[in-house]
Amino acid sequence: MNRAQQIFTILIAACVTACIRALPFLIFRRKQQIPAFVRSVGEQLPRATMMMLIVYCLKDVSFTQVHLWLPAAAGILVTVLLQVYRKKMMLSVFGGTMVYMLMLRWIA
Amino acid sequence: MRNGFRTAFPYTLPVMAGYLFLGIAFGVAMRSQGHAPGLGILMSVVIYGGSLQFALVEPLTRNFAPVMILMLSCMIQARHLFYGLTMLPHYRKTGKALPYLIFSLTDETYSIVCSDMPSGVSAASWYTAVSLLDQIYWVLGTILGTIAGGMLPLSALNGIDFSMTALFTVIVTDQTTNAISRCRRGEIGWDEVLFAPLLGGAGTLLCLLVVGREHFLLVSMMLMLSGFTVRYSWEKGKEARGA
């Protein structure tokens, strides 16, 4: 496609993305009471969607051989342990990422 | 506002690591397909959605197909519906910043703003600072990848995008520890501690295995909504019976 079509394509993607992100706010306008059911789902969604995102991040991990999934498994385990026992977000994220990156190089 | 940025900055560091790296990778991918330098940067400014932008790199070299692009965008971005649903009551009070906050509600920004906010800042300046900083990292990464892509030692950084997974893992860990302590205090039952993460985690995993990696998120979203609906009406029914 030519330059104009490329830019048009990008604008389509941008509009769809913005509309999807805005949809809940457009349905439930300012001042209008948010229904109890919607509020309840909204409150529970973070704990479900964050798990969904973790699965999404790991969707390309293969379980056919140990060395393919061990780095990710170790990275997550270290992240959880650091967060439970040290409770420092930065330490947990970078500790887990370091373990993952090192294992990627050593065993994969 | 300056106070907002000072408070928000440390919280956004994991996103900084991930977005700079992924942004660079995106810039490099765009350049390697021979796209004009401005195109990738334009995408990071107006679309601002990592997975969709990566998915468009290749179609942008082919024939113009607006309907296909529309459907692809809907499919990849559908999960963002949920983020607005959560932030609805919180974002409403942010005034002039609201349109930008909605526009910039990505996975990573959501993961930060869906948790309790730190004390000492106004909601509007906290949300704005987190959202703006995150997009700055993303655009900056894209620019770096676009202009200096070939010169950067990307393979040395291979795997640094795991910081996103780790960030999400930290959030889930905190959410779960909080839920467990609320349960210990008797405010909620064990079923409530376990229901949402199991629905989101095991449910999505199941969808991935059954539906495959192309469409599993859409199916998983429907599963989650039905799960919450069934549970909500069941709880309401229980209340009605008890009362």
# chains A, B, ... in the order shown; residues from 1 in each chain; ligands from 1
>>> interface_residues(of="chain A", to="chain B", cutoff="8 Å", atoms="only C-alpha atoms", output="ChimeraX atom specification")
/A:1,5-7,9-18,20-25,30,34,37-39,41-59,75-76,79-80,83-84,89-90,92-94,96-97,100-101,104
>>> write_last_selection(atoms="C-alpha atoms", output="short mmCIF file (atom, residue, chain, number, x, y, z; two decimals), in the first residue's frame")
data_model
loop_
_atom_site.label_atom_id
_atom_site.label_comp_id
_atom_site.auth_asym_id
_atom_site.auth_seq_id
_atom_site.Cartn_x
_atom_site.Cartn_y
_atom_site.Cartn_z
CA MET A 1 0.00 0.00 0.00
CA GLN A 5 -3.11 4.02 2.84
CA GLN A 6 -0.56 3.14 5.50
CA ILE A 7 -1.49 6.21 7.51
CA THR A 9 -4.56 1.86 8.27
CA ILE A 10 -2.80 3.21 11.35
CA LEU A 11 -5.69 5.60 12.01
CA ILE A 12 -8.20 2.73 11.80
CA ALA A 13 -6.19 0.78 14.39
CA ALA A 14 -5.93 3.92 16.54
CA CYS A 15 -9.67 4.63 16.39
CA VAL A 16 -10.65 1.04 17.22
CA THR A 17 -8.23 1.00 20.15
CA ALA A 18 -9.46 4.35 21.51
CA ILE A 20 -12.66 0.06 22.90
CA ARG A 21 -10.87 1.80 25.74
CA ALA A 22 -13.60 4.48 25.88
CA LEU A 23 -16.64 2.21 25.54
CA PRO A 24 -17.35 1.63 29.26
CA PHE A 25 -17.07 5.38 29.86
CA ARG A 30 -20.86 11.14 33.89
CA ILE A 34 -23.21 2.84 37.74
CA PHE A 37 -23.66 -5.44 38.98
CA VAL A 38 -21.24 -3.47 36.78
CA ARG A 39 -19.54 -2.03 39.84
CA VAL A 41 -17.69 -6.96 38.19
CA GLY A 42 -15.38 -3.95 37.84
CA GLU A 43 -14.11 -4.52 41.36
CA GLN A 44 -13.43 -8.20 40.81
CA LEU A 45 -11.94 -7.88 37.34
CA PRO A 46 -8.41 -6.78 38.30
CA ARG A 47 -7.65 -10.05 40.06
CA ALA A 48 -8.99 -12.06 37.12
CA THR A 49 -7.51 -9.97 34.30
CA MET A 50 -4.03 -9.81 35.83
CA MET A 51 -4.00 -13.63 35.86
CA MET A 52 -5.24 -13.54 32.27
CA LEU A 53 -2.36 -11.22 31.34
CA ILE A 54 0.19 -13.55 32.93
CA VAL A 55 -1.16 -16.44 30.84
CA TYR A 56 -1.10 -14.10 27.82
CA CYS A 57 2.56 -13.22 28.45
CA LEU A 58 3.47 -16.89 28.74
CA LYS A 59 1.43 -18.15 25.79
CA GLY A 75 11.51 -16.18 37.11
CA ILE A 76 7.92 -16.24 38.36
CA THR A 79 9.31 -12.82 41.77
CA VAL A 80 6.55 -14.23 44.01
CA GLN A 83 7.33 -10.00 46.82
CA VAL A 84 5.94 -12.15 49.68
CA MET A 89 8.06 -4.13 43.96
CA MET A 90 11.23 -3.02 42.17
CA SER A 92 10.82 -8.42 42.91
CA VAL A 93 10.47 -7.34 39.28
CA PHE A 94 14.17 -6.92 38.62
CA GLY A 96 12.74 -12.18 38.78
CA THR A 97 13.76 -10.70 35.43
CA TYR A 100 14.92 -15.34 33.89
CA MET A 101 17.55 -13.67 31.71
CA LEU A 104 17.82 -18.14 29.41
#
>>> residues_around(residues="segment 137-154 of chain B", least_positions_apart="5", cutoff="8 Å", atoms="only C-alpha atoms", output="list in words")
Val15, Met16, Tyr19, Leu20, Phe21, Leu22, Gly23, Ile24, Ala25, Phe26, Gly27, Val28, Met30, Arg31, Pro37, Gly40, Ile41, Ser44, Val45 and Tyr48 of chain B
>>> write_last_selection(atoms="C-alpha atoms", output="PDB file, in the first residue's frame")
ATOM      1  CA  VAL B  15       7.151  -0.476  32.890  1.00  0.00           C
ATOM      2  CA  MET B  16      10.078   1.689  31.838  1.00  0.00           C
ATOM      3  CA  TYR B  19       8.436  -0.493  27.357  1.00  0.00           C
ATOM      4  CA  LEU B  20      11.871   0.815  26.399  1.00  0.00           C
ATOM      5  CA  PHE B  21      12.923  -2.662  25.351  1.00  0.00           C
ATOM      6  CA  LEU B  22       9.693  -3.564  23.555  1.00  0.00           C
ATOM      7  CA  GLY B  23       9.529  -0.091  22.000  1.00  0.00           C
ATOM      8  CA  ILE B  24      13.059  -0.528  20.665  1.00  0.00           C
ATOM      9  CA  ALA B  25      12.175  -3.995  19.384  1.00  0.00           C
ATOM     10  CA  PHE B  26       9.106  -2.521  17.657  1.00  0.00           C
ATOM     11  CA  GLY B  27      11.141   0.290  16.063  1.00  0.00           C
ATOM     12  CA  VAL B  28      13.673  -2.254  14.820  1.00  0.00           C
ATOM     13  CA  MET B  30       9.391  -1.564  11.533  1.00  0.00           C
ATOM     14  CA  ARG B  31      12.722  -0.534  10.078  1.00  0.00           C
ATOM     15  CA  PRO B  37      11.008   6.142  10.155  1.00  0.00           C
ATOM     16  CA  GLY B  40       6.462   3.498  13.717  1.00  0.00           C
ATOM     17  CA  ILE B  41       6.668   6.616  15.851  1.00  0.00           C
ATOM     18  CA  SER B  44       3.287   4.577  19.142  1.00  0.00           C
ATOM     19  CA  VAL B  45       1.761   8.033  19.541  1.00  0.00           C
ATOM     20  CA  TYR B  48      -0.299   3.055  21.770  1.00  0.00           C
TER      21      TYR B  48
END
>>> select_by_dssp(residues="segment 142-238 of chain B", states="helix (DSSP H, G or I)", output="PyMOL selection string")
chain B and resi 142-151+154-157+162-184+190-211+216-238
>>> atom_distance(atom1="atom CA of Trp234 of chain B", atom2="atom CA of Asp191 of chain B")
12.9 Å
